[in-house]
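J.: If you scroll down you'll find the structure; I have some questions about it.
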Amino acid sequence: MRGSPLESALAFHEDRFPGEVAELKRLVRIPSVSADGFPEVEVARSAEAVAELLRRRGFSRVEVLAHDGAHPYVLAEHVEDPALPTVLLYAHHDVQPPGEVRAWRSPPFEPVERDGRLFGRGAADDKAAVVVHAAAVEAWLRGAGGLPVNVKLLVEGEEETGSRHLAALLRRHGAELDASALVLADAGNVDVGLPCLTVSLRGLVAVEVEIRAFEQSLHSGAFGGPVPDPAMALSKMLASLVGEDGRIAVPGLEPSFPPLATARREALGALGIGAAEFGQLARLRPGVRVFGHGHPLELCWWQPALAVNAIQASSRRAARDVINGAAWAQVEVRIVPGQDAGEVRDALVAALRRAAPWGVEVELRTLELVKPWATDLAHPAFGAAFRALERGFGRRAAAIGCGGSIGFVEPFAAAFPDTPALLVGVEDPLSNPHSENESVDLGSVRRALRAEIHLLAELADAL
Ligand SMILES: [Zn+2]
């Protein structure tokens, strides 16, 4: 092995890691918040900083794309040899707003190292991935004298605001971005140091329901008794959606997929997270139990789940002796591969209508329909990814699900339906992405970089 191009690429990065941390700090210092009301100029400055970093690291073509008013994307490539397979790498350089600035132990845009972690907004989500992609490509270019594959890199500027222009951009630049494999680096690992490949995402159906029984709220002394209470009607409707055991009880919304395959069950067992550990992660109050009708991660990743996100009739401040004229709630169902968002919405709406008592008026509105996503691990790119992760982290990699949705995955899946998508990342349960005191474990960044150097070699063989 000694002296092989792979060894040379790995050796190149070995002494340079402090430089990569400095690079990450430079990016974190730019408050590239893409949310409305934050200075757009900072997202543009961040795109320029990413472009400059990529040029310095040896990418041959680097371009900042301002597409139809979107926050700027950065597109870069290095063609080693047109005969080699091409890999498309993805990350995003925009970040979430800082949240409660006073809740941060150190200012969000002044990166600080503590206990082996780098704290700062965007350190984990997703600027570390930008640095990893750039450093892995440079390690091959300058350490081994060339890449084993051609690479393209897309660094998005609007991921945290829902990737609104991504589908159009992928349509317009599809030919330029065409690749044999996608490496989407914005996911996470279930434990520090445990490399994971995310292979499924839940989708989302959200509706709002409003109940009305009279023109305006009524004095509960003058009218209480003979007239129905809309808040109680809504409560009964919501309560009808789950059974005594907490499971969804909506007809037509039962899971329509086979029981957990042995391989998945074994993979869950190996993660070392049972009901007690999951209860700790959720910080359950004493006496509250995790539901027992499945492994908690199975329920989170591979089963649908229903939640009442908000409920309102009056408010604590305005509470008085009335029967409220109207009651409102927002209800969501996290859906899994095998379920259709439109069908789930129809079943949910029908169940709520059926459960409405006493002739109350029911108004329903769809708020969100997001498809679930799952990948088929048969493609050889997945074997390549598992081997690369294991070599980079020194630990066997796990295939995991994700209970949430990642907005950019669906546009990629639609634009490149037959291209394997490898979802990797450096977040861990301590990372607090989107919340205060976001951080990334620097050991994980280093291991992710080693894994990506391996991955480019593995993909060269597998594609
Ligand atoms: Zn992200």
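Chain labels follow the order of the structure tokens: the first chain is A, the next B, and so on; residue numbering restarts at 1 in every chain, and ligands are counted from 1 in their shown order.
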Can you work out which residues are within 8 Å of ligand 1, considering only C-alpha atoms and all ligand atoms, and then hand them over as a PyMOL selection string?
T.: chain A and resi 91-92+95+125-126+159-160+186-187
J.: Using DSSP on the backbone coordinates, identify all residues within stretch 77-131 of chain A classified as strand (DSSP E or B); present the result as a list of chain:residue names.
T.: A:Glu77, A:His78, A:Thr86, A:Val87, A:Leu88, A:Leu89, A:Tyr90, A:Ala91, A:His92, A:Val95, A:Val112, A:Glu113, A:Arg114, A:Arg117, A:Leu118, A:Phe119
J.: Atom CA of A:Glu452 and atom CA of A:Ala136 are how many Å apart?
T.: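 Pair atom CA of A:Glu452 / atom CA of A:Ala136 returns 6.1 Å.
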J.: So, counting only C-alpha atoms, which residue among A:Glu363, A:Glu63, A:Asp461, A:Asp418 is closest to A:Ala179?
T.: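 For A:Ala179, the nearest of the given residues is A:Asp418.
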J.: Neighbouring residues of A:Leu253 were defined as those with any atom within 12 Å, considering only C-alpha atoms; residues of the same chain fewer than 4 positions away were excluded. Please report them as a ChimeraX atom specification.
T.: /A:205,241-242,247-249,257,303-306,333-336,338-351
